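Peer 1: This is the structure I have questions about; it appears just below.
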2 protein chains.
Amino acid sequence: MNDIDRDLLPEGLEDRLPATTPAATRVTRAILDAMDGHGYDRVQPPTIEFEKSMASRMAGVQSRRMFRFVDPASLRMMAIRSDMTVQVGRIAATGLAAAPRPLRLCYAGQVLTIKGAGLDPARERLQVGIELIGADSVAAAAEVVSVAIEALGAAGATGISVDFTLPDLVDTLAEKALPLERGQVEQVRRELDAKDAGALVAAGGAAYLPLLEAIGPFATAIERLCAFDVGGALTTRIAALREIAGRVAGKARLTLDPSERHGFEYQSWFGFTIYADGVRGALGRGGTYTILSDGDEGEPATGFSLYPDPLIDALAAAEQGRDTLFLPLGHDPEVAIRLRAIGWRTRAALALEDDAGVLGCTYWLDGTEVVRL
Amino acid sequence: MNDIDRDLLPEGLEDRLPATTPAATRVTRAILDAMDGHGYDRVQPPTIEFEKSMASRMAGVQSRRMFRFVDPASLRMMAIRSDMTVQVGRIAATGLAAAPRPLRLCYAGQVLTIKGAGLDPARERLQVGIELIGADSVAAAAEVVSVAIEALGAAGATGISVDFTLPDLVDTLAEKALPLERGQVEQVRRELDAKDAGALVAAGGAAYLPLLEAIGPFATAIERLCAFDVGGALTTRIAALREIAGRVAGKARLTLDPSERHGFEYQSWFGFTIYADGVRGALGRGGTYTILSDGDEGEPATGFSLYPDPLIDALAAAEQGRDTLFLPLGHDPEVAIRLRAIGWRTRAALALEDDAGVLGCTYWLDGTEVVRL
């Protein structure tokens with residue numbers, strides 16, 4: 001019992017304490033309610049599953065990032081979920097395979113990875129999102145971007161900005177307009193993603209250089225992309241982006257980075273990243289993708305995932321303490337019930353020495369009167 | 001990709017699908033709000049921790065029931081939580097060690113065990129509860145029982161009944177009134193718990209037989225317990241039970257089973273089990289206990305844990321489908337925003353072939369008019 005380490009939490013795992021949990025609860029509920037308001041039905045998959053079913057449903061999901069262990073019951077390998085999108089894909093392809101399409105599903109839950117991402121040491125995060133299954137059209141993409149913006153706004157995010165990308169841009173161009181050797185595609189994609197003009201030329205992608213100029217505020221960047229697309233290989237893509245942008249105009253600041261690829265490993269033609277003021281890094285990502293299934297080509301889908309923890313922390317830091325009403329010993333419980341019913345939060349004395357101020361109360365019940373402390 | 005097993009979930013792990021998730025969300029929120037209304041601050045511990053810190057904080061928590069694995073980062077043994085009470089105890093003893101007492105904390109989250117309990121195969125459950133730390137007085141117990149009843153009532157439970165017990169009853173009697181040999185205590189406790197009169201006598205506990213009559217509706221059972229307690233060893237216990245019962249009278253049906261011990265491995269003088277109509281088995285348990293800590297006697301605490309999944313299933317089975325408003329192609333998005341703002345749930349057409357009825361909608365937007373389908 002004297003092990004000093006006993007109380008330490010593992011690296012990258014933390015308690016949310018009362019200073020930030022009210023914001024966490026409020027943000028999660030607001031996002032879920034916004035998604036529900038657009039007709040997305042919630043699903044709640046288990047925290048752990050067979051590793052196999054989490055690793056095989058979507059391109060780009062790596063089981064080596066998951067906590068894995070042998071199930072003592074089945075003796076098969078299990079994993080803690082690192083991404084709920086994969087689980088929702090499984091549900092759509094199995095339990096809800098017969099449900100009409102498009103199928104609108106949403107979710108919220110904790111996801112874990114054995115290592116933090118980049119500079120962020122966090123190994124557990126809250127993930128909240130929607131999947132629109134059976135559609136990856138422009139209308140689907142526009143709805144999904146729009147719900148993402150609305151959900152974050154309802155949660156209290158301000159200064160929301162959305163960065164559009166075309167995850168299969170290089171593949172499309174290489175096939176239709178600017179041929180590349182097979183081995184070059186991946187390298188050109190990587191150097192564009194890294195925005196490294198020199199390396200891009202060295203990789204044989206000189207023709208792709210103008211893409212590095214088609215980056216920035218949407219209105220100007222899309223014009224540059226249009227000017228670059230002389231052969232018309234991107235005509236439908238560009239029209240689609242304009243339509244999505246029109247749908248959310250005025251609700252968020254829009255930017256374009258057509259060759260951004262990092263974080264869009266399983267997206268198809270459309271991807272977006274979402275940001276808000278006062279929050280470092282992206283709050284989430286989304287786009288179109290394919291749910292893999294047995295024996296056929298899979299099913300198109302569009303969705304987003306938000307990771308609201310940094311927003312919760314930012315909102316919690318800015319917020320006021322909550323009012324709490326102290327109920328002294330011998331108070332009338334019926335009065336307390338009536339006050340709670342109209343929204344008062346109460347904290348009752350259990351002993352004579354319980355002190356209203358020490359217990360964090362800001363009001364005091366004097367008979368039937370509420371008195372400011 | 002042709003592995004038929006890929007889609008199967010492990011035994012005891014399930015998806016909650018749209019038929020029951022609205023009830024799950026509503027029940028969880030209602031319980032959290034009731035606990036918050038009584039001044040309990042939420043904490044959110046991580047899903048996994050070092051096995052050591054989860055196993056050593058409370059008597060009766062068995063790490064062999066947890067999913068365990070080696071943390072690739074620290075190379076130390078970790079476990080998925082099987083009981084959030086232990087985590088809240090850790091928080092109270094470490095991060096919130098300096099916070100004033102009594103400290104009121106609440107929580108909600110998923111807990112997992114490698115085997116289901118009894119006949120229930122479920123290996124993952126929702127756990128929601130409160131811990132009142134720094135007090136195990138009669139007033140503390142009365143508040144905790146009262147919040148448990150109110151929280152379940154707010155969640156939609158009806159016909160709530162509460163069964164009181166005295167977890168350390170045999171120890172108290174053996175010490176003060178009806179001596180037992182050291183080796184007999186555990187056996188007498190077990191036979192009383194099993195309500196086996198013959199085995200109880202055989203175990204040398206004949207003097208304890210009248211306890212098997214002090215079981216049933218609170219008013220009569222407490223009188224029998226009182227009549228049995230001729231030496232007065234239980235005087236304060238009996239007065240305490242009467243006081244708690246008085247506090248919640250009229251809010252729940254009360255019963256007494258003073259020698260019930262199963263499920264109260266870490267409780268001290270007081271324990272209770274809570275039930276509701278239409279739900280098989282207990283919905284939760286609570287009582288007084290001690291949070292173990294380094295170098296001192298630990299800290300007294302009172303709390304309860306609810307496992308609302310069966311209540312959620314019962315409520316979901318009884319509930320009506322929800323109204324959803326179909327937004328046809330070309331609808332005015334501003335009208336849709338206004339309708340959502342006053343509580344309408346909408347589902348938008350993405351293509352001409354999208355059909356309101358097929359998509360589960362009950363209303364249709366005709367211009368600015370809402371029309372029943």
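The chains in the structure tokens are called A, B, ... from first to last as shown; in each chain the residues are counted from 1, and the ligands are counted from 1 in the order shown.
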What's the 12 Å shell around Leu209 of chain B, counting only C-alpha atoms, without same-chain residues fewer than 4 positions away, as a JSON list (two decimals) with N, CA and C atoms, in the first residue's frame?

Peer 2:
[["chain", "number", "residue", "atom", "x", "y", "z"],
["B", 170, "VAL", "N", -23.10, -9.16, 11.17],
["B", 170, "VAL", "CA", -22.59, -10.33, 11.88],
["B", 170, "VAL", "C", -21.36, -9.98, 12.69],
["B", 178, "LEU", "N", -23.43, -11.78, 20.48],
["B", 178, "LEU", "CA", -23.55, -13.22, 20.25],
["B", 178, "LEU", "C", -22.22, -13.77, 19.76],
["B", 188, "VAL", "N", -21.12, -18.10, 9.22],
["B", 188, "VAL", "CA", -22.44, -17.63, 9.67],
["B", 188, "VAL", "C", -22.95, -16.55, 8.72],
["B", 189, "ARG", "N", -22.06, -15.67, 8.35],
["B", 189, "ARG", "CA", -22.40, -14.62, 7.39],
["B", 189, "ARG", "C", -22.92, -15.23, 6.10],
["B", 191, "GLU", "N", -24.17, -18.29, 5.50],
["B", 191, "GLU", "CA", -25.44, -19.02, 5.59],
["B", 191, "GLU", "C", -26.62, -18.07, 5.80],
["B", 192, "LEU", "N", -26.38, -16.98, 6.50],
["B", 192, "LEU", "CA", -27.44, -15.97, 6.64],
["B", 192, "LEU", "C", -27.75, -15.37, 5.27],
["B", 193, "ASP", "N", -26.70, -15.06, 4.54],
["B", 193, "ASP", "CA", -26.85, -14.49, 3.20],
["B", 193, "ASP", "C", -27.62, -15.47, 2.30],
["B", 195, "LYS", "N", -29.76, -17.54, 3.39],
["B", 195, "LYS", "CA", -31.05, -17.80, 4.05],
["B", 195, "LYS", "C", -31.24, -19.30, 4.31],
["B", 196, "ASP", "N", -30.18, -19.95, 4.68],
["B", 196, "ASP", "CA", -30.23, -21.40, 4.90],
["B", 196, "ASP", "C", -30.22, -21.68, 6.40],
["B", 197, "ALA", "N", -31.41, -21.87, 7.00],
["B", 197, "ALA", "CA", -31.54, -22.01, 8.45],
["B", 197, "ALA", "C", -30.78, -23.25, 8.95],
["B", 198, "GLY", "N", -30.93, -24.37, 8.24],
["B", 198, "GLY", "CA", -30.27, -25.59, 8.66],
["B", 198, "GLY", "C", -28.75, -25.43, 8.70],
["B", 199, "ALA", "N", -28.21, -24.89, 7.61],
["B", 199, "ALA", "CA", -26.76, -24.71, 7.54],
["B", 199, "ALA", "C", -26.28, -23.70, 8.57],
["B", 200, "LEU", "N", -27.14, -22.74, 8.86],
["B", 200, "LEU", "CA", -26.77, -21.72, 9.85],
["B", 200, "LEU", "C", -26.61, -22.36, 11.22],
["B", 201, "VAL", "N", -27.56, -23.22, 11.60],
["B", 201, "VAL", "CA", -27.47, -23.92, 12.89],
["B", 201, "VAL", "C", -26.24, -24.82, 12.90],
["B", 202, "ALA", "N", -26.04, -25.55, 11.79],
["B", 202, "ALA", "CA", -24.89, -26.45, 11.69],
["B", 202, "ALA", "C", -23.57, -25.69, 11.82],
["B", 203, "ALA", "N", -23.57, -24.41, 11.38],
["B", 203, "ALA", "CA", -22.35, -23.60, 11.44],
["B", 203, "ALA", "C", -22.17, -22.98, 12.82],
["B", 204, "GLY", "N", -23.05, -23.31, 13.75],
["B", 204, "GLY", "CA", -22.93, -22.77, 15.10],
["B", 204, "GLY", "C", -23.58, -21.42, 15.27],
["B", 205, "GLY", "N", -24.46, -21.07, 14.33],
["B", 205, "GLY", "CA", -25.09, -19.75, 14.39],
["B", 205, "GLY", "C", -26.56, -19.79, 14.79],
["B", 213, "GLU", "N", -36.00, -13.99, 10.20],
["B", 213, "GLU", "CA", -37.39, -13.53, 10.28],
["B", 213, "GLU", "C", -37.50, -12.01, 10.12],
["B", 214, "ALA", "N", -36.36, -11.33, 10.30],
["B", 214, "ALA", "CA", -36.38, -9.86, 10.23],
["B", 214, "ALA", "C", -36.17, -9.39, 8.80],
["B", 215, "ILE", "N", -36.89, -10.02, 7.88],
["B", 215, "ILE", "CA", -36.73, -9.75, 6.45],
["B", 215, "ILE", "C", -38.10, -9.43, 5.87],
["B", 224, "ARG", "N", -39.07, -6.59, 14.12],
["B", 224, "ARG", "CA", -38.52, -7.90, 14.47],
["B", 224, "ARG", "C", -37.04, -7.81, 14.80],
["B", 225, "LEU", "N", -36.32, -6.98, 14.04],
["B", 225, "LEU", "CA", -34.90, -6.81, 14.31],
["B", 225, "LEU", "C", -34.72, -6.20, 15.71],
["B", 228, "PHE", "N", -35.34, -8.73, 18.36],
["B", 228, "PHE", "CA", -34.20, -9.67, 18.42],
["B", 228, "PHE", "C", -33.03, -9.06, 19.19],
["B", 259, "SER", "N", -29.30, -9.14, 6.87],
["B", 259, "SER", "CA", -28.12, -10.00, 6.74],
["B", 259, "SER", "C", -27.71, -10.23, 5.29]]

Peer 1: At a cut-off of 6 Å, list the chain A residues touching chain B, using only C-alpha atoms, as a CSV table (one decimal) with N, CA, C and O atoms, in the first residue's frame.

Peer 2:
chain,number,residue,atom,x,y,z
A,1,MET,N,0.8,-1.2,0.0
A,1,MET,CA,0.0,0.0,0.0
A,1,MET,C,0.8,1.3,0.0
A,1,MET,O,0.3,2.4,0.1
A,2,ASN,N,2.2,1.1,0.0
A,2,ASN,CA,3.0,2.3,0.1
A,2,ASN,C,3.7,2.6,-1.3
A,2,ASN,O,4.6,3.4,-1.3
A,6,ARG,N,1.2,4.2,-7.3
A,6,ARG,CA,-0.1,3.7,-7.4
A,6,ARG,C,-1.1,4.7,-7.9
A,6,ARG,O,-2.0,4.4,-8.6
A,7,ASP,N,-0.9,6.0,-7.5
A,7,ASP,CA,-1.8,7.0,-7.8
A,7,ASP,C,-1.5,7.7,-9.1
A,7,ASP,O,-2.3,8.5,-9.6
A,14,GLU,N,-5.8,11.0,-18.6
A,14,GLU,CA,-6.1,12.0,-17.6
A,14,GLU,C,-7.5,11.9,-17.1
A,14,GLU,O,-8.4,11.3,-17.7
A,15,ASP,N,-7.7,12.4,-15.9
A,15,ASP,CA,-9.0,12.6,-15.3
A,15,ASP,C,-9.6,14.0,-15.8
A,15,ASP,O,-8.8,15.0,-15.8
A,16,ARG,N,-10.8,14.0,-16.2
A,16,ARG,CA,-11.5,15.4,-16.3
A,16,ARG,C,-12.0,15.7,-14.9
A,16,ARG,O,-12.8,14.9,-14.3
A,17,LEU,N,-11.6,16.8,-14.3
A,17,LEU,CA,-12.1,17.2,-13.0
A,17,LEU,C,-13.2,18.2,-13.1
A,17,LEU,O,-13.5,18.7,-14.1
A,18,PRO,N,-13.8,18.5,-11.9
A,18,PRO,CA,-15.0,19.4,-11.9
A,18,PRO,C,-14.8,20.7,-12.6
A,18,PRO,O,-15.8,21.3,-13.0
A,21,THR,N,-15.6,19.5,-16.4
A,21,THR,CA,-16.7,18.5,-16.7
A,21,THR,C,-18.0,19.1,-17.1
A,21,THR,O,-18.7,18.6,-18.0
A,37,GLY,N,-31.0,16.5,-34.5
A,37,GLY,CA,-32.0,17.4,-35.1
A,37,GLY,C,-32.0,17.3,-36.6
A,37,GLY,O,-33.0,17.6,-37.3
A,38,HIS,N,-30.9,16.8,-37.2
A,38,HIS,CA,-30.9,16.6,-38.7
A,38,HIS,C,-31.2,15.1,-39.0
A,38,HIS,O,-30.9,14.7,-40.1
A,39,GLY,N,-31.8,14.4,-38.1
A,39,GLY,CA,-32.3,13.1,-38.4
A,39,GLY,C,-31.3,12.0,-38.3
A,39,GLY,O,-31.5,10.9,-38.8
A,41,ASP,N,-29.6,9.1,-36.3
A,41,ASP,CA,-29.9,8.2,-35.2
A,41,ASP,C,-28.7,7.7,-34.5
A,41,ASP,O,-27.7,7.3,-35.2
A,42,ARG,N,-28.7,7.8,-33.2
A,42,ARG,CA,-27.5,7.4,-32.5
A,42,ARG,C,-27.3,5.9,-32.4
A,42,ARG,O,-28.3,5.2,-32.3
A,43,VAL,N,-26.0,5.5,-32.5
A,43,VAL,CA,-25.7,4.1,-32.2
A,43,VAL,C,-24.6,4.1,-31.2
A,43,VAL,O,-23.8,5.0,-31.1
A,44,GLN,N,-24.6,3.0,-30.4
A,44,GLN,CA,-23.6,2.9,-29.3
A,44,GLN,C,-22.9,1.6,-29.4
A,44,GLN,O,-23.3,0.6,-28.8
A,45,PRO,N,-21.8,1.5,-30.2
A,45,PRO,CA,-21.0,0.2,-30.3
A,45,PRO,C,-20.2,0.0,-29.0
A,45,PRO,O,-20.1,0.9,-28.2
A,46,PRO,N,-19.8,-1.3,-28.8
A,46,PRO,CA,-19.1,-1.5,-27.5
A,46,PRO,C,-17.7,-0.9,-27.5
A,46,PRO,O,-17.2,-0.5,-28.6
A,53,SER,N,-12.3,-7.3,-36.7
A,53,SER,CA,-13.5,-6.5,-37.2
A,53,SER,C,-13.2,-5.0,-37.2
A,53,SER,O,-13.8,-4.3,-37.9
A,69,PHE,N,-5.4,-7.2,-26.8
A,69,PHE,CA,-5.2,-8.2,-25.7
A,69,PHE,C,-6.0,-9.4,-26.1
A,69,PHE,O,-6.9,-9.3,-27.0
A,139,ALA,N,-24.6,16.5,-52.7
A,139,ALA,CA,-25.6,16.9,-51.7
A,139,ALA,C,-25.3,16.3,-50.3
A,139,ALA,O,-25.5,16.9,-49.3
A,294,ASP,N,-17.9,-7.6,-47.6
A,294,ASP,CA,-17.5,-8.9,-48.2
A,294,ASP,C,-18.2,-9.0,-49.6
A,294,ASP,O,-19.3,-8.7,-49.8
A,345,ARG,N,-29.5,24.6,-8.2
A,345,ARG,CA,-28.6,23.5,-7.8
A,345,ARG,C,-28.4,23.7,-6.3
A,345,ARG,O,-28.0,24.7,-5.9
A,346,THR,N,-28.6,22.6,-5.6
A,346,THR,CA,-28.5,22.7,-4.1
A,346,THR,C,-27.3,21.8,-3.6
A,346,THR,O,-26.9,20.9,-4.2
A,347,ARG,N,-26.9,22.2,-2.4
A,347,ARG,CA,-25.9,21.3,-1.7
A,347,ARG,C,-26.4,21.4,-0.2
A,347,ARG,O,-26.4,22.5,0.4
A,350,LEU,N,-24.8,18.3,6.0
A,350,LEU,CA,-25.0,17.0,6.6
A,350,LEU,C,-24.7,17.1,8.1
A,350,LEU,O,-25.1,16.2,8.9

Peer 1: Kindly give the distance, in Å, that separates atom CA of Leu315 of chain A and atom CA of Asp120 of chain A, rounded to a single decimal.

Peer 2: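 Straight-line distance from atom CA of Leu315 of chain A to atom CA of Asp120 of chain A works out to 19.0 Å.
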
Peer 1: Please extract the residues of segment 34-274 of chain B with a backbone DSSP assignment of alpha helix (DSSP H) and present them as a VMD selection string.

Peer 2: chain B and resid 34 to 37 51 to 55 84 to 93 138 to 155 169 to 176 182 to 193 197 to 202 218 to 228 235 to 248

Peer 1: Where does DSSP see strand (DSSP E) in segment 141-230 of chain A, if you list the residues as a list in words?

Peer 2: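 In segment 141-230 of chain A, DSSP puts these residues in strand (DSSP E): Ser161, Val162, Asp163, Phe164, Thr165, Gly216 and Pro217 of chain A.
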
Peer 1: Once you have the residues from the selection above, write them out as a CSV table (one decimal), in the first residue's frame, restricted to N, CA and C atoms.

Peer 2:
chain,number,residue,atom,x,y,z
A,161,SER,N,-13.8,27.7,-39.0
A,161,SER,CA,-13.4,27.7,-40.4
A,161,SER,C,-13.2,26.3,-40.9
A,162,VAL,N,-13.5,26.1,-42.2
A,162,VAL,CA,-13.5,24.8,-42.8
A,162,VAL,C,-12.5,24.8,-44.0
A,163,ASP,N,-11.6,23.8,-44.1
A,163,ASP,CA,-10.6,23.7,-45.1
A,163,ASP,C,-11.0,22.5,-46.0
A,164,PHE,N,-11.3,22.8,-47.3
A,164,PHE,CA,-11.7,21.7,-48.2
A,164,PHE,C,-10.5,21.1,-48.8
A,165,THR,N,-10.5,19.8,-49.1
A,165,THR,CA,-9.5,19.1,-49.9
A,165,THR,C,-10.1,18.1,-50.8
A,216,GLY,N,-5.6,28.4,-50.0
A,216,GLY,CA,-5.9,29.7,-49.3
A,216,GLY,C,-7.4,29.9,-49.2
A,217,PRO,N,-7.8,31.2,-49.0
A,217,PRO,CA,-9.3,31.5,-49.0
A,217,PRO,C,-10.0,30.9,-50.2

Peer 1: Mind checking which residues fall within 12 Å of Asp171 of chain B, counting only C-alpha atoms, ignoring those fewer than 4 positions away in the same chain, and posting them as a list in words?

Peer 2: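 Final neighbour list, sorted by chain and number: Leu166, Pro167, Glu175, Lys176, Ala177, Leu178, Pro179, Leu180, Glu181, Arg182, Gly183, Gln184, Val185, Glu186, Gln187, Val188, Arg189, Tyr208, Ala233, Leu234, Ser259, Arg261, Ser268 and Trp269 of chain B.
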
Peer 1: Save out the residues we just selected, N, CA and C atoms, as an mmCIF file, in the first residue's frame.

Peer 2:
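For reference, out15.cif as written:
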data_model
loop_
_atom_site.group_PDB
_atom_site.id
_atom_site.type_symbol
_atom_site.label_atom_id
_atom_site.label_comp_id
_atom_site.auth_asym_id
_atom_site.auth_seq_id
_atom_site.Cartn_x
_atom_site.Cartn_y
_atom_site.Cartn_z
ATOM 1 N N LEU B 166 -27.481 -4.345 6.463
ATOM 2 C CA LEU B 166 -26.425 -3.934 7.394
ATOM 3 C C LEU B 166 -25.214 -4.834 7.135
ATOM 4 N N PRO B 167 -24.341 -4.415 6.233
ATOM 5 C CA PRO B 167 -23.269 -5.320 5.777
ATOM 6 C C PRO B 167 -22.375 -5.843 6.892
ATOM 7 N N GLU B 175 -19.140 -9.485 17.954
ATOM 8 C CA GLU B 175 -18.271 -8.758 18.877
ATOM 9 C C GLU B 175 -18.987 -8.339 20.155
ATOM 10 N N LYS B 176 -20.255 -7.883 20.008
ATOM 11 C CA LYS B 176 -20.915 -7.263 21.147
ATOM 12 C C LYS B 176 -21.975 -8.111 21.849
ATOM 13 N N ALA B 177 -22.556 -9.088 21.172
ATOM 14 C CA ALA B 177 -23.716 -9.742 21.777
ATOM 15 C C ALA B 177 -23.722 -11.264 21.657
ATOM 16 N N LEU B 178 -23.432 -11.777 20.478
ATOM 17 C CA LEU B 178 -23.550 -13.219 20.249
ATOM 18 C C LEU B 178 -22.215 -13.771 19.763
ATOM 19 N N PRO B 179 -21.290 -13.987 20.701
ATOM 20 C CA PRO B 179 -19.913 -14.351 20.324
ATOM 21 C C PRO B 179 -19.846 -15.553 19.393
ATOM 22 N N LEU B 180 -18.923 -15.456 18.453
ATOM 23 C CA LEU B 180 -18.638 -16.573 17.539
ATOM 24 C C LEU B 180 -17.136 -16.786 17.558
ATOM 25 N N GLU B 181 -16.731 -18.020 17.286
ATOM 26 C CA GLU B 181 -15.300 -18.280 17.102
ATOM 27 C C GLU B 181 -14.864 -17.514 15.849
ATOM 28 N N ARG B 182 -13.629 -17.179 15.828
ATOM 29 C CA ARG B 182 -13.062 -16.461 14.687
ATOM 30 C C ARG B 182 -13.439 -17.104 13.338
ATOM 31 N N GLY B 183 -13.240 -18.421 13.274
ATOM 32 C CA GLY B 183 -13.488 -19.132 12.023
ATOM 33 C C GLY B 183 -14.963 -19.224 11.659
ATOM 34 N N GLN B 184 -15.841 -18.969 12.627
ATOM 35 C CA GLN B 184 -17.274 -19.126 12.370
ATOM 36 C C GLN B 184 -17.896 -17.912 11.676
ATOM 37 N N VAL B 185 -17.306 -16.748 11.908
ATOM 38 C CA VAL B 185 -17.937 -15.503 11.441
ATOM 39 C C VAL B 185 -18.275 -15.549 9.950
ATOM 40 N N GLU B 186 -17.274 -15.931 9.170
ATOM 41 C CA GLU B 186 -17.474 -15.937 7.721
ATOM 42 C C GLU B 186 -18.572 -16.928 7.324
ATOM 43 N N GLN B 187 -18.592 -18.068 8.002
ATOM 44 C CA GLN B 187 -19.572 -19.098 7.647
ATOM 45 C C GLN B 187 -21.005 -18.688 8.039
ATOM 46 N N VAL B 188 -21.123 -18.096 9.222
ATOM 47 C CA VAL B 188 -22.441 -17.626 9.671
ATOM 48 C C VAL B 188 -22.954 -16.547 8.716
ATOM 49 N N ARG B 189 -22.059 -15.672 8.348
ATOM 50 C CA ARG B 189 -22.402 -14.619 7.394
ATOM 51 C C ARG B 189 -22.919 -15.233 6.097
ATOM 52 N N TYR B 208 -28.393 -16.783 15.758
ATOM 53 C CA TYR B 208 -28.643 -15.795 14.701
ATOM 54 C C TYR B 208 -29.915 -16.086 13.905
ATOM 55 N N ALA B 233 -27.155 -4.217 21.110
ATOM 56 C CA ALA B 233 -25.944 -4.059 20.291
ATOM 57 C C ALA B 233 -26.246 -3.327 18.984
ATOM 58 N N LEU B 234 -27.499 -3.403 18.553
ATOM 59 C CA LEU B 234 -27.860 -2.802 17.256
ATOM 60 C C LEU B 234 -28.663 -1.506 17.406
ATOM 61 N N SER B 259 -29.296 -9.143 6.869
ATOM 62 C CA SER B 259 -28.117 -10.001 6.739
ATOM 63 C C SER B 259 -27.706 -10.232 5.290
ATOM 64 N N ARG B 261 -25.691 -9.847 2.164
ATOM 65 C CA ARG B 261 -24.284 -9.455 2.144
ATOM 66 C C ARG B 261 -23.727 -9.452 0.718
ATOM 67 N N SER B 268 -19.518 -0.735 4.630
ATOM 68 C CA SER B 268 -19.321 -0.845 6.075
ATOM 69 C C SER B 268 -20.668 -1.056 6.781
ATOM 70 N N TRP B 269 -21.229 -0.037 7.435
ATOM 71 C CA TRP B 269 -22.410 -0.301 8.283
ATOM 72 C C TRP B 269 -23.744 -0.298 7.544
#

Peer 1: Which residues, written as JSON, numbers by chain, have at least one atom at most 7 Å from segment 275-287 of chain A, with only C-alpha atoms counted and residues fewer than 5 positions away on the same chain left out?

Peer 2: {"A": [141, 157, 158, 159, 160, 161, 162, 267, 270, 302, 303, 304, 305, 306, 307, 308, 310, 311, 314]}

Peer 1: For N, CA and C atoms, I'd like the residues from the last selection saved as an mmCIF file, in the first residue's frame.

Peer 2:
data_model
loop_
_atom_site.group_PDB
_atom_site.id
_atom_site.type_symbol
_atom_site.label_atom_id
_atom_site.label_comp_id
_atom_site.auth_asym_id
_atom_site.auth_seq_id
_atom_site.Cartn_x
_atom_site.Cartn_y
_atom_site.Cartn_z
ATOM 1 N N ALA A 141 -22.257 15.507 -49.210
ATOM 2 C CA ALA A 141 -21.108 16.249 -48.672
ATOM 3 C C ALA A 141 -21.546 17.594 -48.107
ATOM 4 N N ALA A 157 -18.530 26.844 -30.148
ATOM 5 C CA ALA A 157 -17.353 27.229 -30.929
ATOM 6 C C ALA A 157 -17.644 28.515 -31.691
ATOM 7 N N THR A 158 -16.651 29.367 -31.785
ATOM 8 C CA THR A 158 -16.801 30.600 -32.565
ATOM 9 C C THR A 158 -15.673 30.665 -33.593
ATOM 10 N N GLY A 159 -15.866 31.523 -34.606
ATOM 11 C CA GLY A 159 -14.837 31.675 -35.628
ATOM 12 C C GLY A 159 -14.530 30.358 -36.317
ATOM 13 N N ILE A 160 -15.578 29.609 -36.643
ATOM 14 C CA ILE A 160 -15.367 28.297 -37.271
ATOM 15 C C ILE A 160 -14.826 28.471 -38.685
ATOM 16 N N SER A 161 -13.813 27.685 -39.040
ATOM 17 C CA SER A 161 -13.360 27.710 -40.424
ATOM 18 C C SER A 161 -13.221 26.281 -40.928
ATOM 19 N N VAL A 162 -13.479 26.121 -42.226
ATOM 20 C CA VAL A 162 -13.473 24.792 -42.840
ATOM 21 C C VAL A 162 -12.519 24.812 -44.029
ATOM 22 N N GLN A 267 -10.476 8.660 -47.165
ATOM 23 C CA GLN A 267 -11.464 9.433 -47.910
ATOM 24 C C GLN A 267 -11.302 9.243 -49.426
ATOM 25 N N PHE A 270 -13.770 13.757 -51.630
ATOM 26 C CA PHE A 270 -13.939 15.007 -50.878
ATOM 27 C C PHE A 270 -13.519 14.833 -49.422
ATOM 28 N N THR A 302 -20.534 9.244 -46.381
ATOM 29 C CA THR A 302 -19.974 10.565 -46.104
ATOM 30 C C THR A 302 -20.145 10.799 -44.609
ATOM 31 N N GLY A 303 -19.150 11.404 -43.980
ATOM 32 C CA GLY A 303 -19.292 11.615 -42.542
ATOM 33 C C GLY A 303 -18.263 12.568 -42.007
ATOM 34 N N PHE A 304 -18.335 12.841 -40.717
ATOM 35 C CA PHE A 304 -17.265 13.591 -40.055
ATOM 36 C C PHE A 304 -17.069 13.041 -38.657
ATOM 37 N N SER A 305 -15.854 13.279 -38.144
ATOM 38 C CA SER A 305 -15.529 12.972 -36.756
ATOM 39 C C SER A 305 -15.000 14.235 -36.103
ATOM 40 N N LEU A 306 -15.547 14.582 -34.952
ATOM 41 C CA LEU A 306 -15.032 15.707 -34.182
ATOM 42 C C LEU A 306 -14.338 15.159 -32.936
ATOM 43 N N TYR A 307 -13.283 15.841 -32.515
ATOM 44 C CA TYR A 307 -12.568 15.497 -31.283
ATOM 45 C C TYR A 307 -12.634 16.729 -30.392
ATOM 46 N N PRO A 308 -13.723 16.861 -29.615
ATOM 47 C CA PRO A 308 -14.015 18.161 -28.987
ATOM 48 C C PRO A 308 -13.205 18.504 -27.731
ATOM 49 N N PRO A 310 -10.225 19.733 -26.994
ATOM 50 C CA PRO A 310 -9.612 21.067 -26.899
ATOM 51 C C PRO A 310 -10.662 22.196 -26.833
ATOM 52 N N LEU A 311 -11.787 22.019 -27.502
ATOM 53 C CA LEU A 311 -12.864 23.017 -27.425
ATOM 54 C C LEU A 311 -13.427 23.061 -26.002
ATOM 55 N N ALA A 314 -11.049 24.929 -23.816
ATOM 56 C CA ALA A 314 -11.074 26.375 -24.085
ATOM 57 C C ALA A 314 -12.341 27.004 -23.498
#

Peer 1: Quick one: pull the distance between atom CA of Glu334 of chain B and atom CA of Gly367 of chain B, Å, one decimal.

Peer 2: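 Spanning atom CA of Glu334 of chain B to atom CA of Gly367 of chain B is a straight-line distance of 11.2 Å.
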
Peer 1: Quick one: pull the distance between atom CA of Val144 of chain A and atom CA of Phe272 of chain A, Å, one decimal.

Peer 2: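 So the two atoms, atom CA of Val144 of chain A and atom CA of Phe272 of chain A, lie 10.0 Å apart.
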